[in-house]
Amino acid sequence: MSASMSAIDPVLREVRLHVAPPHETVTAVITKNELCVRGPKSAKYVRHIEFDVSGTALEGAFAAGQSFGVVPPGVDEMGRPHQVRLYSLASPSAGEDGAGKILSTTVKRTFFEHPETGELVLGIASNYLCNLQVGDAMQVTGPNGKRFVLPVDIQAHDYLFIATGTGVAPFRGMLLELLARGCERQITLIMGSPYTTDLLYHEEFEALSKQHANFRYLTAISREDNGPALGKLYVQDRLRASMEVLRGQLASTSNLIYICGIAGMELGIFQALASELRGPALAGYLAIDPAVAGDVGAWSQRMIHRKVKPTRRVMLEVYA
Ligand code: A2P
């Protein structure tokens, strides 16, 4: 039996999928659309958007951590209807309202310069969503995704959530759910943002960490000092810097690690785990090819997918 099997692997909850497929979208109505970042100085444009699916096939159909699809109206340059775009839910399984009727998501406006003309191009779906007003209708699909969800027995595990940017959306839903259902195990959220003004749901997480002794909220700010001795931090640097308080949780054979955000964080987090943990504690999270085990600093994004395999206690959702 491998070390990871002797640890407590999660039995993930059974979820519903594709209740509303792309050819049978349902109409949701926007109930809230507000800025999610902390202040007008923030350069990012991230919004918390809530929508009502009551009376549709999607009422009560979602689990925290799943995604839903949005179909922007109109057609693309080729005259074809826009395709479905997926967004993570930011709400718990019971929704924002406790009854699975009001769902939420966290959307960052995307824009880029056209490579040839230099014109500003707005991302279609994100700007469509961010511009919706309360009362507007939108077409949604889903649910999508079955691997990035909570276990059936929430009391059987501890939880380390590591997010960058809007990658925090599924963790807000999972955290609200764990706390609402009375989970007494250790829950830690490490949240990475460029500036403190970019932290998402910061006041909400701070308030929850004050109310619940088992919820620890740590931030990693990449472009400002995190404290005199710390300097600028990525989430993986925060993991190392806070090892004294995190070691006990990481050593727990039932601890789960969920990672969501920018693709590069995967390498950094794996390197931090491999440098800080030893023996069964490390093997509980990563199966490392012995050929590369000795030189963690030389790992690269390209080789880790072949040489460093996360166990079932590590759940990953990263994007470019
Ligand atoms: P930076 O952009 O300073 O390099 P957002 O989605 O709001 O832009 O936040 C993403 C956060 O993830 C930023 O703080 C960004 O830092 C950080 N980041 C960028 N690359 C990595 C990486 N390889 N590992 C961990 N964090 C990263």
# chains A, B, ... in the order shown; residues from 1 in each chain; ligands from 1
call {"tool": "residues_around", "arguments": {"residues": "region 262-268 of chain A", "least_positions_apart": "5", "cutoff": "6 Å", "atoms": "only C-alpha atoms", "output": "ChimeraX atom specification"}}
result
/A:236,301,318-320
call {"tool": "select_by_dssp", "arguments": {"residues": "region 181-316 of chain A", "states": "helix (DSSP H, G or I)", "output": "ChimeraX atom specification"}}
result
/A:196-198,202-211,235-241,243-251,265-276,279-283,290-293,296-298,301-307
call {"tool": "closest_residue", "arguments": {"among": "A:Pro10, A:Gly294, A:Pro21, A:Gly145", "to": "Val71 (chain A)", "atoms": "only C-alpha atoms"}}
result
A:Pro21
call {"tool": "closest_atom_pairs", "arguments": {"of": "chain A", "to": "ligand 1", "cutoff": "9 Å", "atoms": "only C-alpha atoms and all ligand atoms", "output": "tab-separated table"}}
result
residue	atom	partner	partner_atom_place_in_ligand_line	distance
A:Lys44	CA	ligand 1	7 (O)	7.0
A:Val46	CA	ligand 1	7 (O)	8.6
A:Lys108	CA	ligand 1	6 (O)	8.3
A:Ala163	CA	ligand 1	12 (O)	8.2
A:Thr164	CA	ligand 1	10 (C)	4.7
A:Gly165	CA	ligand 1	6 (O)	3.6
A:Thr166	CA	ligand 1	6 (O)	6.0
A:Gly167	CA	ligand 1	6 (O)	7.5
A:Met191	CA	ligand 1	11 (C)	8.7
A:Gly192	CA	ligand 1	14 (O)	5.1
A:Ser193	CA	ligand 1	14 (O)	3.6
A:Pro194	CA	ligand 1	14 (O)	3.6
A:Tyr195	CA	ligand 1	14 (O)	7.1
A:Asp198	CA	ligand 1	7 (O)	6.4
A:Leu199	CA	ligand 1	7 (O)	7.8
A:Leu200	CA	ligand 1	7 (O)	8.7
A:Ala220	CA	ligand 1	14 (O)	7.4
A:Ile221	CA	ligand 1	14 (O)	5.9
A:Ser222	CA	ligand 1	3 (O)	4.5
A:Arg223	CA	ligand 1	3 (O)	5.3
A:Glu224	CA	ligand 1	3 (O)	8.9
A:Lys232	CA	ligand 1	3 (O)	8.7
A:Leu233	CA	ligand 1	14 (O)	8.1
A:Tyr234	CA	ligand 1	26 (N)	4.7
A:Val235	CA	ligand 1	25 (C)	5.6
A:Gln236	CA	ligand 1	25 (C)	6.3
A:Asp237	CA	ligand 1	25 (C)	8.4
A:Gly261	CA	ligand 1	6 (O)	7.1
A:Ile262	CA	ligand 1	12 (O)	6.0
A:Ala263	CA	ligand 1	23 (N)	6.8
A:Gly264	CA	ligand 1	23 (N)	3.5
A:Met265	CA	ligand 1	24 (N)	3.4
A:Glu266	CA	ligand 1	24 (N)	7.0
A:Leu267	CA	ligand 1	23 (N)	7.2
A:Gly268	CA	ligand 1	24 (N)	5.6
A:Ile269	CA	ligand 1	24 (N)	7.7
call {"tool": "select_by_dssp", "arguments": {"residues": "region 44-168 of chain A", "states": "strand (DSSP E or B)", "output": "VMD selection string"}}
result
chain A and resid 46 to 52 67 to 71 75 81 85 to 89 102 to 108 111 to 113 120 to 122 137 to 144 151 158 to 164
call {"tool": "closest_residue", "arguments": {"among": "A:Lys309, A:His157, A:Arg238, A:Lys210", "to": "Thr253 (chain A)", "atoms": "only C-alpha atoms"}}
result
A:His157
call {"tool": "residues_around", "arguments": {"residues": "Tyr258 (chain A)", "least_positions_apart": "6", "cutoff": "8 Å", "atoms": "only C-alpha atoms", "output": "VMD selection string"}}
result
chain A and resid 148 159 to 162 314 to 316
call {"tool": "write_last_selection", "arguments": {"atoms": "N, CA and C atoms", "output": "JSON list (two decimals), in the first residue's frame"}}
result
[["chain", "number", "residue", "atom", "x", "y", "z"],
["A", 148, "PHE", "N", -13.62, 19.04, -8.57],
["A", 148, "PHE", "CA", -13.18, 20.13, -7.70],
["A", 148, "PHE", "C", -14.33, 20.48, -6.75],
["A", 159, "TYR", "N", -8.70, 21.27, 5.51],
["A", 159, "TYR", "CA", -8.73, 21.87, 4.17],
["A", 159, "TYR", "C", -7.72, 23.00, 4.06],
["A", 160, "LEU", "N", -6.84, 22.90, 3.06],
["A", 160, "LEU", "CA", -5.96, 24.02, 2.74],
["A", 160, "LEU", "C", -6.34, 24.49, 1.34],
["A", 161, "PHE", "N", -6.92, 25.68, 1.26],
["A", 161, "PHE", "CA", -7.31, 26.26, -0.03],
["A", 161, "PHE", "C", -6.25, 27.28, -0.42],
["A", 162, "ILE", "N", -5.74, 27.18, -1.65],
["A", 162, "ILE", "CA", -4.73, 28.14, -2.11],
["A", 162, "ILE", "C", -5.22, 28.76, -3.42],
["A", 314, "VAL", "N", -4.81, 16.13, -3.40],
["A", 314, "VAL", "CA", -4.51, 17.45, -3.98],
["A", 314, "VAL", "C", -5.44, 17.66, -5.17],
["A", 315, "MET", "N", -6.22, 18.71, -5.11],
["A", 315, "MET", "CA", -7.16, 19.02, -6.20],
["A", 315, "MET", "C", -6.71, 20.31, -6.88],
["A", 316, "LEU", "N", -6.59, 20.26, -8.19],
["A", 316, "LEU", "CA", -6.01, 21.39, -8.92],
["A", 316, "LEU", "C", -6.97, 21.93, -9.97]]
call {"tool": "closest_residue", "arguments": {"among": "A:Ser88, A:Thr197, A:Ser126, A:Thr25", "to": "Thr110 (chain A)", "atoms": "only C-alpha atoms"}}
result
A:Ser126
call {"tool": "closest_residue", "arguments": {"among": "A:Asp97, A:Glu34, A:Glu59, A:Asp76", "to": "Leu129 (chain A)", "atoms": "only C-alpha atoms"}}
result
A:Glu34
call {"tool": "closest_residue", "arguments": {"among": "A:Ser93, A:Ser254, A:Gln155, A:Asn226", "to": "Ala63 (chain A)", "atoms": "only C-alpha atoms"}}
result
A:Ser93
call {"tool": "closest_residue", "arguments": {"among": "A:Gly118, A:Gly142, A:Gly123, A:Pro92", "to": "Pro72 (chain A)", "atoms": "only C-alpha atoms"}}
result
A:Gly123
